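Report on the following structure.
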2 protein chains.
Amino acid sequence: MSAYEDLMAFQRDTEALAQVAGRLGWDQETMMPRGAADQRGDERAAMESVLHQRRTDPRIGAWLAEIATEGLDPVARAQLRLIRRDHQRAVKVPESLASEIARAVSRSHLVWAEARADDDFAAFAPTLKEIIKLRQEEGKALAAGGDVYDALLNDYEPGAKASDLEAMFSALRPRLVALREAVLSKPVPPSLQGTFDEDGQMKLARMLAATFGYDFERGRVDKAVHPFSSGSGQDVRITTRTAELDPFNCIYSTIHEVGHASYEQNVDPAYRLTPVGAGVSMGVHESQSRIYENQLGRSRAFTTFLYGQMRDTFGDFGIETEDAFYKAVNRVRNGYIRTEADELQYNLHVLLRFDLERALVSGDLLVQDLEAAWNDRFEADFGFAVDKPSNGVLQDVHWSAGLFGYFPTYSLGNVYAGCLYKALCSDVPDLDDHLSRGDLSPATGWLRENLQRHGGLYEPRDIISRAAGEAPSEAPLLDYLEVKFGELYGI
Amino acid sequence: MSAYEDLMAFQRDTEALAQVAGRLGWDQETMMPRGAADQRGDERAAMESVLHQRRTDPRIGAWLAEIATEGLDPVARAQLRLIRRDHQRAVKVPESLASEIARAVSRSHLVWAEARADDDFAAFAPTLKEIIKLRQEEGKALAAGGDVYDALLNDYEPGAKASDLEAMFSALRPRLVALREAVLSKPVPPSLQGTFDEDGQMKLARMLAATFGYDFERGRVDKAVHPFSSGSGQDVRITTRTAELDPFNCIYSTIHEVGHASYEQNVDPAYRLTPVGAGVSMGVHESQSRIYENQLGRSRAFTTFLYGQMRDTFGDFGIETEDAFYKAVNRVRNGYIRTEADELQYNLHVLLRFDLERALVSGDLLVQDLEAAWNDRFEADFGFAVDKPSNGVLQDVHWSAGLFGYFPTYSLGNVYAGCLYKALCSDVPDLDDHLSRGDLSPATGWLRENLQRHGGLYEPRDIISRAAGEAPSEAPLLDYLEVKFGELYGI
């Protein structure tokens with residue numbers, strides 16, 4: 001076998017083991033008996049140790065050095081690029097630091113959860129300080145003289161630069177703040193009345209998953225505390241949840257996760273269990289979940305179809321017209337919590353976190369000043385004050401898990417979704433006719449063909465540019481939001 | 001760290017990875033989407049390769065050589081004994097042979113399944129020949145001059161010798177054949193009437209699992225095509241199945257698997273994720289599943305309790321008395337299929353396979369003569385002729401999976417169960433009073449205390465001798481069967 005074949009065979013086993021490790025996470029949230037937590041911790045640590053050993057295996061460096069890249073096809077070049085990046089990342093971080101971070105993060109979860117339950121930021125602050133110190137150290141090792149935050153960001157969004165994101169987000173923020181103010185000065189739209197039985201919600205969720213193209217032959221839907229999508233290739237599972245008073249929670253969580261899962265299911269099967277065989281970045285992944293959920297799922301056209309399905313499933317729920325239903329789906333209200341935010345306000349939550357975490361990583365903001373900084377910024381953007389830490393700085397799990405550089409990919413995904421939706425509407429002029437009949441296939445087919453099937457073949461910005469026909473910018477998202485909510489609220 | 005601590009830390013990760021690999025098997029039979037089969041094959045192969053590499057890791061040999069065994073406690077000595085045995089077994093077989101066997105076995109499953117569906121032994125014969133050749137080769141490598149069949153048998157029953165089993169089984173066979181003839185000359189007992197809804201069966205199965213001591217905090221019950229138990233320590237899952245006309249299938253499959261699972265759940269938690277932390281052999285495992293299922297679950301006392309539970313769950317099913325119900329539970333009928341056999345005839349099925357597979361491995365029996373040999377022996381022991389290969393030589397999956405040396409552990413388990421039941425009855429004189437009230441705790445507590453908690457601390461024969469208070473022999477099982485079926489059938 002050639003060095004390339006040896007490397008790819010080795011990598012294929014690594015990818016297969018990564019799938020196994022990921023499925024342990026799925027099992028833990030859906031199937032695992034409660035009393036198995038300790039053992040599961042040992043099992044996951046053992047898998048991580050195997051994966052870390054493989055990713056730092058010196059044979060990878062030797063194979064990469066031996067392979068002649070001339071004459072290789074673009075797929076092989078992309079495989080090598082991704083393998084090299086992953087390997088270099090892995091060897092740059094000393095194993096002692098990697099395991100110190102793993103231990104710190106594993107300890108911090110409980111500390112954070114208890115601090116949140118007690119609304120006591122001070123109880124979490126020392127732990128957060130320690131995690132930031134370790135991640136700064138890791139970022140320095142990865143950056144090798146470059147920008148430390150960028151080095152962390154690139155774990156989630158390869159090739160992205162915080163300075164570019166800052167320019168993008170600076171253009172988003174004032175117009176979103178202004179649009180939010182305008183919308184909230186208008187009368188509150190109607191909301192659903194009554195209760196919605198769980199079986200009906202799950203039945204509807206499964207129907208909608210199929211409608212959005214989710215392949216149940218290569219996946220399954222279960223209930224979990226937090227909705228998520230897990231796995232690549234032939235085994236991509238999603239979870240959802242139900243709330244008796246709010247069927248939109250289940251419906252839109254499901255559609256969101258189907259966006260993630262479809263991206264994984266629709267990658268060219270020839271790339272299965274290779275580096276190119278999965279979604280290319282968190283931002284591009286989020287663009288898929290968001291366009292499924294928002295631009296498509298919360299459109300006037302699709303909610304026409306959904307209204308009929310909901311009436312068939314649940315009978316009367318106090319909404320008398322398709323127009324009122326569309327408004328109920330897209331209700332904008334004040335709220336503290338990112339994960340409950342509507343399409344309009346969501347990015348303001350993310351931008352706040354992005355600015356704060358960059359300052360934390362650079363050292364410009366100290367942990368002792370974080371709560372005040374959060375509260376000031378929140379009031380500036382949202383117009384009302386945070387009432388308690390669990391509604392503010394303690395609400396998200398990310399920082400306790402060491403995830404610095406992750407938040408901005410949410411908004412980047414929304415920006416990308418805006419670009420893709422603009423191009424989709426231009427390429428499929430009768431899109432709304434299809435959506436109003438519950439026919440998602442022109443939209444999902446366009447996304448599969450132009451984006452999803454390529455997996456990791458192109459860099460994140462490149463695949464968006466190719467699919468959208470222009471370089472990504474925040475303009476399409478802003479235009480879309482201003483038109484949509486302007487029309488909805490008569491602004 | 002000392003060499004012993006290094007070795008045990010390494011081994012702990014291996015055990016954790018083995019649990020993960022096992023859970024992939026569980027997932028495949030219960031949760032996996034249908035379209036994920038190819039990828040799952042790759043995932044399992046990658047896990048096997050990791051495990052094989054660890055089991056043959058030269059550091060194990062170095063650690064074992066370095067460790068001074070004087071002064072070690074009995075648990076540490078047992079750990080080392082098991083690690084040494086596993087390591088020596090792994091290094092004795094050349095990797096090329098191990099992977100050739102893995103490939104042959106993976107190919108053969110479909111060939112066997114098709115041959116069985118077509119009732120065409122000749123279509124399977126070449127594949128079986130190849131598998132026997134490879135396993136003979138492996139057995140020779142393992143035996144290092146000793147008995148080849150014993151070497152294979154010891155994968156499932158460490159320390160066992162085929163010659164000892166032969167002596168035991170030779171004493172069983174004539175008395176079982178005679179008892180079978182006597183029983184089948186008597187009138188056929190009553191059977192259940194009507195249908196039994198699946199929800200009721202599963203509810204009853206879960207209740208019975210709890211009654212027999214299964215800990216749902218560290219396990220779960222799902223449906224699968226074949227009932228099985230999977231995992232050790234804190235995560236031991238079982239499966240069962242339902243048949244609308246035969247609730248005993250679900251009930252006794254569940255109790256059987258609870259016997260296996262309880263053994264794993266009840267090992268001393270201090271041994272978790274160590275070699276000593278799991279059941280010691282297939283034979284001892286089967287002794288637990290069988291004593292739960294038969295000596296306890298099919299006893300007159302327990303069926304009194306079960307009769308009430310079944311009436312509460314299903315209403316009238318055409319059986320009017322506890323005595324008639326006990327007879328229905330223990331109906332003996334002619335049948336071709338081992339897995340459907342009753343307690344009396346089961347071992348005759350196993351003894352047949354043991355004698356044939358020993359002859360196949362030694363070369364005394366050629367594959368081309370196997371079908372005729374099977375049919376002759378079957379008619380000699382069961383008094384009627386095999387009608388087709390799917391009811392005869394092609395019925396079991398084991399040989400197609402390369403499992404030579406596995407079958408006798410079923411009967412050895414029954415023999416062990418006989419020994420344990422004799423001692424249990426002597427130690428707990430009022431056992432039947434408890435069983436008739438559905439109180440299994442004196443029996444399961446006795447088994448946990450005397451056997452299950454020790455895991456792999458003692459060798460298989462040793463733990464049975466300790467628990468039973470005498471060296472294992474077939475006599476208690478034979479006495480038990482002759483008394484039970486003599487009384488049932490008025491012989």
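To be explicit about the labels: the chains of the structure tokens are called A, B, and onward in the order shown, and within each one the residues are counted from 1, while ligands get numbers from 1 in the order they are shown.
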Just list the residues in segment 225-360 of chain B DSSP gives helix (DSSP H, G or I) on the backbone, as a compact mmCIF listing (two decimals) with N, CA, C and O atoms, in the first residue's frame.
```txt
# COMPACT_ATOMS: atom_id res chain seq x y z
N PRO B 247 -46.91 -16.61 26.21
CA PRO B 247 -46.31 -15.67 27.17
C PRO B 247 -45.14 -16.26 27.94
O PRO B 247 -44.31 -15.53 28.47
N PHE B 248 -45.06 -17.61 28.00
CA PHE B 248 -43.95 -18.23 28.72
C PHE B 248 -42.61 -17.91 28.05
O PHE B 248 -41.57 -17.85 28.71
N ASN B 249 -42.63 -17.72 26.75
CA ASN B 249 -41.42 -17.35 26.03
C ASN B 249 -40.84 -16.07 26.62
O ASN B 249 -39.67 -16.01 27.01
N CYS B 250 -41.66 -15.04 26.71
CA CYS B 250 -41.22 -13.75 27.26
C CYS B 250 -40.84 -13.89 28.74
O CYS B 250 -39.78 -13.42 29.17
N ILE B 251 -41.68 -14.56 29.49
CA ILE B 251 -41.46 -14.64 30.94
C ILE B 251 -40.17 -15.37 31.27
O ILE B 251 -39.33 -14.88 32.03
N TYR B 252 -39.97 -16.55 30.66
CA TYR B 252 -38.80 -17.33 31.04
C TYR B 252 -37.52 -16.85 30.34
O TYR B 252 -36.43 -17.01 30.88
N SER B 253 -37.65 -16.22 29.18
CA SER B 253 -36.47 -15.56 28.60
C SER B 253 -36.01 -14.44 29.52
O SER B 253 -34.81 -14.27 29.76
N THR B 254 -36.96 -13.68 30.03
CA THR B 254 -36.60 -12.57 30.91
C THR B 254 -35.93 -13.07 32.18
O THR B 254 -34.87 -12.58 32.58
N ILE B 255 -36.53 -14.08 32.80
CA ILE B 255 -35.94 -14.59 34.05
C ILE B 255 -34.55 -15.17 33.79
O ILE B 255 -33.63 -14.97 34.58
N HIS B 256 -34.40 -15.86 32.67
CA HIS B 256 -33.09 -16.41 32.29
C HIS B 256 -32.05 -15.28 32.18
O HIS B 256 -30.97 -15.36 32.77
N GLU B 257 -32.40 -14.24 31.45
CA GLU B 257 -31.43 -13.14 31.26
C GLU B 257 -31.18 -12.39 32.56
O GLU B 257 -30.08 -11.89 32.79
N VAL B 258 -32.19 -12.31 33.41
CA VAL B 258 -31.99 -11.68 34.71
C VAL B 258 -30.97 -12.48 35.53
O VAL B 258 -30.18 -11.91 36.28
N GLY B 259 -30.96 -13.80 35.37
CA GLY B 259 -29.94 -14.61 36.03
C GLY B 259 -28.54 -14.21 35.58
O GLY B 259 -27.65 -13.97 36.39
N HIS B 260 -28.35 -14.10 34.26
CA HIS B 260 -27.05 -13.63 33.75
C HIS B 260 -26.73 -12.23 34.27
O HIS B 260 -25.63 -11.96 34.74
N ALA B 261 -27.72 -11.34 34.15
CA ALA B 261 -27.48 -9.94 34.49
C ALA B 261 -27.21 -9.76 35.98
O ALA B 261 -26.38 -8.95 36.38
N SER B 262 -27.91 -10.53 36.80
CA SER B 262 -27.72 -10.39 38.24
C SER B 262 -26.31 -10.80 38.64
O SER B 262 -25.70 -10.20 39.53
N TYR B 263 -25.81 -11.83 37.99
CA TYR B 263 -24.43 -12.25 38.25
C TYR B 263 -23.51 -11.04 38.02
O TYR B 263 -22.68 -10.70 38.89
N GLU B 264 -23.67 -10.36 36.90
CA GLU B 264 -22.81 -9.21 36.61
C GLU B 264 -23.08 -8.05 37.56
O GLU B 264 -22.16 -7.37 38.01
N GLN B 265 -24.34 -7.79 37.86
CA GLN B 265 -24.67 -6.65 38.72
C GLN B 265 -24.20 -6.86 40.16
O GLN B 265 -23.94 -5.90 40.87
N PRO B 269 -18.62 -4.33 43.92
CA PRO B 269 -18.34 -3.10 43.15
C PRO B 269 -16.87 -2.68 43.22
O PRO B 269 -16.41 -1.94 42.34
N ALA B 270 -16.14 -3.17 44.22
CA ALA B 270 -14.71 -2.85 44.29
C ALA B 270 -13.95 -3.43 43.09
O ALA B 270 -12.86 -2.98 42.77
N TYR B 271 -14.52 -4.43 42.44
CA TYR B 271 -13.85 -5.09 41.30
C TYR B 271 -14.21 -4.45 39.96
O TYR B 271 -13.79 -4.94 38.92
N PRO B 275 -10.32 -7.40 35.68
CA PRO B 275 -10.58 -8.77 35.19
C PRO B 275 -11.46 -9.58 36.14
O PRO B 275 -12.24 -10.42 35.70
N VAL B 276 -11.33 -9.34 37.43
CA VAL B 276 -12.11 -10.08 38.41
C VAL B 276 -13.56 -9.58 38.47
O VAL B 276 -14.43 -10.23 39.04
N GLY B 277 -13.83 -8.43 37.84
CA GLY B 277 -15.13 -7.77 37.98
C GLY B 277 -16.24 -8.26 37.09
O GLY B 277 -17.23 -7.55 36.89
N MET B 282 -18.50 -19.09 31.06
CA MET B 282 -19.81 -19.29 30.46
C MET B 282 -20.61 -20.31 31.25
O MET B 282 -21.82 -20.18 31.41
N GLY B 283 -19.94 -21.35 31.74
CA GLY B 283 -20.65 -22.39 32.48
C GLY B 283 -21.23 -21.85 33.78
O GLY B 283 -22.40 -22.10 34.09
N VAL B 284 -20.44 -21.10 34.53
CA VAL B 284 -20.94 -20.54 35.78
C VAL B 284 -22.04 -19.52 35.48
O VAL B 284 -23.05 -19.44 36.18
N HIS B 285 -21.85 -18.75 34.40
CA HIS B 285 -22.90 -17.81 34.00
C HIS B 285 -24.21 -18.55 33.74
O HIS B 285 -25.28 -18.15 34.20
N GLU B 286 -24.10 -19.62 32.98
CA GLU B 286 -25.30 -20.36 32.63
C GLU B 286 -25.92 -21.00 33.88
O GLU B 286 -27.14 -21.18 33.94
N SER B 287 -25.10 -21.32 34.86
CA SER B 287 -25.67 -21.89 36.10
C SER B 287 -26.61 -20.87 36.74
O SER B 287 -27.63 -21.24 37.33
N GLN B 288 -26.27 -19.58 36.64
CA GLN B 288 -27.11 -18.55 37.24
C GLN B 288 -28.39 -18.36 36.44
O GLN B 288 -29.49 -18.31 36.99
N SER B 289 -28.27 -18.25 35.13
CA SER B 289 -29.47 -18.07 34.31
C SER B 289 -30.40 -19.27 34.45
O SER B 289 -31.63 -19.12 34.50
N ARG B 290 -29.81 -20.46 34.55
CA ARG B 290 -30.63 -21.68 34.60
C ARG B 290 -31.29 -21.88 35.96
O ARG B 290 -32.44 -22.31 36.03
N ILE B 291 -30.57 -21.58 37.02
CA ILE B 291 -31.20 -21.78 38.33
C ILE B 291 -32.32 -20.75 38.52
O ILE B 291 -33.38 -21.06 39.08
N TYR B 292 -32.13 -19.52 38.00
CA TYR B 292 -33.21 -18.53 38.06
C TYR B 292 -34.41 -19.03 37.26
O TYR B 292 -35.55 -18.98 37.72
N GLU B 293 -34.12 -19.48 36.04
CA GLU B 293 -35.20 -19.84 35.12
C GLU B 293 -35.90 -21.14 35.54
O GLU B 293 -37.14 -21.18 35.59
N ASN B 294 -35.12 -22.18 35.84
CA ASN B 294 -35.68 -23.51 36.03
C ASN B 294 -35.93 -23.89 37.49
O ASN B 294 -37.07 -23.99 37.92
N GLN B 295 -34.83 -24.10 38.21
CA GLN B 295 -35.00 -24.60 39.59
C GLN B 295 -35.87 -23.65 40.42
O GLN B 295 -36.66 -24.09 41.24
N LEU B 296 -35.71 -22.32 40.19
CA LEU B 296 -36.56 -21.36 40.91
C LEU B 296 -37.82 -21.04 40.10
O LEU B 296 -38.94 -21.25 40.57
N ARG B 300 -42.75 -25.61 41.51
CA ARG B 300 -44.17 -25.61 41.88
C ARG B 300 -44.48 -24.38 42.75
O ARG B 300 -45.48 -23.70 42.55
N ALA B 301 -43.57 -24.09 43.70
CA ALA B 301 -43.83 -22.98 44.61
C ALA B 301 -43.93 -21.66 43.85
O ALA B 301 -44.88 -20.90 44.02
N PHE B 302 -42.97 -21.38 43.00
CA PHE B 302 -42.99 -20.09 42.32
C PHE B 302 -44.13 -19.98 41.32
O PHE B 302 -44.73 -18.91 41.14
N THR B 303 -44.45 -21.10 40.64
CA THR B 303 -45.54 -21.01 39.65
C THR B 303 -46.88 -20.74 40.34
O THR B 303 -47.81 -20.24 39.69
N THR B 304 -47.00 -21.06 41.61
CA THR B 304 -48.19 -20.68 42.37
C THR B 304 -48.36 -19.16 42.35
O THR B 304 -49.43 -18.63 42.09
N PHE B 305 -47.25 -18.48 42.65
CA PHE B 305 -47.25 -17.02 42.63
C PHE B 305 -47.49 -16.51 41.20
O PHE B 305 -48.32 -15.62 40.97
N LEU B 306 -46.78 -17.09 40.24
CA LEU B 306 -46.87 -16.63 38.85
C LEU B 306 -48.29 -16.79 38.31
O LEU B 306 -48.78 -15.94 37.55
N TYR B 307 -48.94 -17.87 38.70
CA TYR B 307 -50.31 -18.12 38.24
C TYR B 307 -51.22 -16.93 38.60
O TYR B 307 -51.96 -16.42 37.75
N GLY B 308 -51.11 -16.46 39.83
CA GLY B 308 -51.90 -15.30 40.26
C GLY B 308 -51.56 -14.05 39.46
O GLY B 308 -52.45 -13.31 39.02
N GLN B 309 -50.27 -13.84 39.22
CA GLN B 309 -49.84 -12.66 38.46
C GLN B 309 -50.37 -12.71 37.03
O GLN B 309 -50.80 -11.71 36.47
N MET B 310 -50.34 -13.92 36.44
CA MET B 310 -50.81 -14.05 35.06
C MET B 310 -52.32 -13.85 34.99
O MET B 310 -52.82 -13.25 34.04
N ARG B 311 -53.04 -14.38 35.97
CA ARG B 311 -54.50 -14.17 35.98
C ARG B 311 -54.81 -12.68 36.13
O ARG B 311 -55.71 -12.16 35.47
N ASP B 312 -54.06 -12.00 37.02
CA ASP B 312 -54.29 -10.57 37.20
C ASP B 312 -54.01 -9.80 35.91
O ASP B 312 -54.69 -8.83 35.59
N THR B 313 -53.01 -10.24 35.18
CA THR B 313 -52.60 -9.50 33.98
C THR B 313 -53.48 -9.82 32.78
O THR B 313 -53.86 -8.93 32.02
N PHE B 314 -53.78 -11.12 32.60
CA PHE B 314 -54.42 -11.53 31.34
C PHE B 314 -55.84 -12.05 31.52
O PHE B 314 -56.49 -12.40 30.53
N GLU B 322 -53.78 -24.20 40.15
CA GLU B 322 -52.33 -24.00 40.27
C GLU B 322 -51.59 -25.25 39.81
O GLU B 322 -50.53 -25.16 39.19
N ASP B 323 -52.14 -26.39 40.10
CA ASP B 323 -51.49 -27.63 39.70
C ASP B 323 -51.45 -27.76 38.17
O ASP B 323 -50.41 -28.12 37.59
N ALA B 324 -52.56 -27.43 37.53
CA ALA B 324 -52.59 -27.49 36.06
C ALA B 324 -51.62 -26.47 35.46
O ALA B 324 -50.97 -26.72 34.44
N PHE B 325 -51.53 -25.31 36.11
CA PHE B 325 -50.61 -24.28 35.63
C PHE B 325 -49.16 -24.76 35.74
O PHE B 325 -48.36 -24.59 34.80
N TYR B 326 -48.83 -25.35 36.87
CA TYR B 326 -47.47 -25.90 37.07
C TYR B 326 -47.16 -26.93 35.98
O TYR B 326 -46.06 -26.95 35.41
N LYS B 327 -48.14 -27.75 35.66
CA LYS B 327 -47.93 -28.75 34.59
C LYS B 327 -47.78 -28.09 33.22
O LYS B 327 -46.96 -28.52 32.39
N ALA B 328 -48.54 -27.02 32.99
CA ALA B 328 -48.43 -26.32 31.70
C ALA B 328 -47.06 -25.69 31.55
O ALA B 328 -46.46 -25.71 30.46
N VAL B 329 -46.55 -25.12 32.65
CA VAL B 329 -45.22 -24.50 32.61
C VAL B 329 -44.16 -25.55 32.28
O VAL B 329 -43.18 -25.25 31.60
N ARG B 338 -33.16 -26.91 19.90
CA ARG B 338 -32.53 -26.79 21.21
C ARG B 338 -33.11 -25.62 22.01
O ARG B 338 -33.46 -25.77 23.19
N THR B 339 -33.19 -24.43 21.38
CA THR B 339 -33.58 -23.24 22.14
C THR B 339 -35.02 -23.29 22.61
O THR B 339 -35.41 -22.52 23.46
N GLU B 340 -35.81 -24.20 22.04
CA GLU B 340 -37.20 -24.32 22.48
C GLU B 340 -37.40 -25.51 23.42
O GLU B 340 -38.52 -25.79 23.83
N TYR B 346 -33.32 -30.53 27.23
CA TYR B 346 -32.33 -29.56 26.76
C TYR B 346 -30.91 -30.15 26.68
O TYR B 346 -30.21 -29.99 25.68
N ASN B 347 -30.52 -30.83 27.73
CA ASN B 347 -29.14 -31.32 27.76
C ASN B 347 -28.86 -32.38 26.69
O ASN B 347 -27.72 -32.52 26.24
N LEU B 348 -29.89 -33.11 26.30
CA LEU B 348 -29.67 -34.10 25.23
C LEU B 348 -29.28 -33.40 23.93
O LEU B 348 -28.44 -33.90 23.17
N HIS B 349 -29.89 -32.23 23.68
CA HIS B 349 -29.50 -31.44 22.50
C HIS B 349 -28.04 -31.02 22.59
O HIS B 349 -27.31 -31.05 21.60
N VAL B 350 -27.63 -30.61 23.78
CA VAL B 350 -26.26 -30.11 23.94
C VAL B 350 -25.25 -31.24 23.84
O VAL B 350 -24.20 -31.11 23.18
N LEU B 351 -25.56 -32.38 24.45
CA LEU B 351 -24.61 -33.50 24.44
C LEU B 351 -24.33 -33.97 23.01
O LEU B 351 -23.18 -34.28 22.66
N LEU B 352 -25.37 -33.99 22.21
CA LEU B 352 -25.23 -34.33 20.80
C LEU B 352 -24.20 -33.41 20.13
O LEU B 352 -23.27 -33.86 19.46
N ARG B 353 -24.36 -32.10 20.34
CA ARG B 353 -23.46 -31.13 19.70
C ARG B 353 -22.02 -31.27 20.23
O ARG B 353 -21.05 -31.13 19.48
N PHE B 354 -21.91 -31.52 21.51
CA PHE B 354 -20.57 -31.67 22.12
C PHE B 354 -19.82 -32.81 21.48
O PHE B 354 -18.67 -32.67 21.04
N ASP B 355 -20.48 -33.95 21.37
CA ASP B 355 -19.79 -35.11 20.78
C ASP B 355 -19.44 -34.87 19.32
O ASP B 355 -18.34 -35.21 18.87
N LEU B 356 -20.37 -34.25 18.58
CA LEU B 356 -20.10 -34.02 17.16
C LEU B 356 -18.99 -33.01 16.97
O LEU B 356 -18.11 -33.18 16.12
N GLU B 357 -18.99 -31.93 17.74
CA GLU B 357 -17.97 -30.90 17.49
C GLU B 357 -16.58 -31.35 17.94
O GLU B 357 -15.59 -30.96 17.34
N ARG B 358 -16.54 -32.18 18.98
CA ARG B 358 -15.23 -32.73 19.34
C ARG B 358 -14.67 -33.58 18.20
O ARG B 358 -13.48 -33.51 17.88
N ALA B 359 -15.55 -34.37 17.60
CA ALA B 359 -15.11 -35.24 16.49
C ALA B 359 -14.71 -34.40 15.27
O ALA B 359 -13.76 -34.74 14.56
N LEU B 360 -15.42 -33.27 15.07
CA LEU B 360 -15.06 -32.39 13.95
C LEU B 360 -13.68 -31.77 14.18
O LEU B 360 -12.85 -31.71 13.27
```
Within 6 Å of chain B, which residues of chain A show up when using only C-alpha atoms, listed as a list in words?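 Matching residues, ligands excluded from the count: Asp13, Ala16, Pro33, Arg34, Gly35, Ala36, Glu43, Ala46, Glu217, Arg218, Gly219, Gln234 and Asp235 of chain A.
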For atom CA of Pro227 of chain A and atom CA of Arg241 of chain A, the interatomic separation in Å (one decimal): 6.4 Å
DSSP on the backbone: which residues in segment 229-352 of chain B end up as strand (DSSP E)? Give the answer as a ChimeraX atom specification. /B:229-230,237-240
Quick one: residues within 8 Å of segment 76-84 of chain A, only C-alpha atoms counted, chain neighbours fewer than 6 positions away excluded, as JSON, numbers by chain? {"A": [61, 64, 69, 274, 275, 276, 456, 457, 458]}
I need the residues from that last selection saved to file as a CSV table (one decimal), in the first residue's frame (with all heavy atoms), if you can.
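Heads up, here's the output in out-v5.csv:
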```csv
chain,number,residue,atom,x,y,z
A,61,GLY,N,2.6,12.0,11.0
A,61,GLY,CA,3.5,12.9,10.5
A,61,GLY,C,4.4,12.3,9.5
A,61,GLY,O,4.7,12.9,8.4
A,64,LEU,N,2.4,11.8,6.2
A,64,LEU,CA,2.2,13.1,5.6
A,64,LEU,C,3.4,13.6,4.9
A,64,LEU,O,3.4,14.1,3.8
A,64,LEU,CB,1.7,14.1,6.6
A,64,LEU,CG,0.3,14.0,7.1
A,64,LEU,CD1,0.0,14.9,8.3
A,64,LEU,CD2,-0.7,14.3,6.0
A,69,THR,N,2.1,15.2,-3.1
A,69,THR,CA,0.8,15.7,-3.3
A,69,THR,C,0.5,16.0,-4.8
A,69,THR,O,-0.7,16.2,-5.1
A,69,THR,CB,0.6,17.0,-2.5
A,69,THR,OG1,1.7,17.9,-2.7
A,69,THR,CG2,0.5,16.7,-1.0
A,274,THR,N,-14.3,9.3,6.6
A,274,THR,CA,-13.0,10.0,6.3
A,274,THR,C,-13.2,11.4,6.9
A,274,THR,O,-14.3,11.9,7.2
A,274,THR,CB,-12.8,10.1,4.8
A,274,THR,OG1,-13.7,11.1,4.2
A,274,THR,CG2,-13.0,8.8,4.1
A,275,PRO,N,-12.1,12.2,7.0
A,275,PRO,CA,-12.2,13.6,7.5
A,275,PRO,C,-13.2,14.4,6.7
A,275,PRO,O,-13.8,15.3,7.2
A,275,PRO,CB,-10.8,14.1,7.3
A,275,PRO,CG,-9.9,12.9,7.4
A,275,PRO,CD,-10.7,11.8,6.7
A,276,VAL,N,-13.3,14.2,5.4
A,276,VAL,CA,-14.1,15.0,4.5
A,276,VAL,C,-15.6,14.6,4.7
A,276,VAL,O,-16.5,15.3,4.3
A,276,VAL,CB,-13.7,14.9,3.0
A,276,VAL,CG1,-14.7,15.4,2.1
A,276,VAL,CG2,-12.4,15.6,2.8
A,456,GLY,N,-16.7,18.1,4.2
A,456,GLY,CA,-15.5,18.9,4.5
A,456,GLY,C,-14.6,19.2,3.3
A,456,GLY,O,-13.4,19.6,3.5
A,457,LEU,N,-15.1,19.1,2.1
A,457,LEU,CA,-14.3,19.2,0.9
A,457,LEU,C,-13.7,20.6,0.7
A,457,LEU,O,-12.6,20.8,0.4
A,457,LEU,CB,-15.1,18.8,-0.3
A,457,LEU,CG,-14.3,18.8,-1.7
A,457,LEU,CD1,-13.2,17.8,-1.6
A,457,LEU,CD2,-15.3,18.3,-2.8
A,458,TYR,N,-14.6,21.6,1.0
A,458,TYR,CA,-14.1,23.0,0.9
A,458,TYR,C,-14.1,23.6,2.3
A,458,TYR,O,-14.8,23.2,3.2
A,458,TYR,CB,-15.1,23.8,0.0
A,458,TYR,CG,-15.3,23.2,-1.3
A,458,TYR,CD1,-16.5,22.5,-1.7
A,458,TYR,CD2,-14.3,23.2,-2.3
A,458,TYR,CE1,-16.6,22.0,-2.9
A,458,TYR,CE2,-14.4,22.7,-3.5
A,458,TYR,CZ,-15.6,22.0,-3.9
A,458,TYR,OH,-15.8,21.4,-5.1
```
Quick one: everything within 9 Å of His434 of chain A, counting only C-alpha atoms, minus sequence neighbours fewer than 5 positions away in the same chain. Send it as a compact mmCIF listing (two decimals) with N, CA and C atoms, in the first residue's frame.
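Now in selection.txt:
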```txt
# COMPACT_ATOMS: atom_id res chain seq x y z
N ALA A 301 -45.14 30.92 4.37
CA ALA A 301 -45.62 29.83 3.51
C ALA A 301 -45.67 28.50 4.28
N PHE A 302 -44.58 28.16 4.96
CA PHE A 302 -44.57 26.86 5.63
C PHE A 302 -45.54 26.83 6.81
N ASP A 439 -44.09 20.89 0.97
CA ASP A 439 -43.10 20.24 0.11
C ASP A 439 -41.76 20.95 0.29
N LEU A 440 -40.89 20.35 1.09
CA LEU A 440 -39.59 20.97 1.36
C LEU A 440 -38.54 20.57 0.34
N SER A 441 -38.89 19.64 -0.56
CA SER A 441 -37.84 19.02 -1.36
C SER A 441 -37.07 20.01 -2.26
N PRO A 442 -37.69 21.05 -2.83
CA PRO A 442 -36.85 21.96 -3.62
C PRO A 442 -35.79 22.66 -2.75
N ALA A 443 -36.17 23.00 -1.51
CA ALA A 443 -35.22 23.68 -0.62
C ALA A 443 -34.14 22.72 -0.12
```
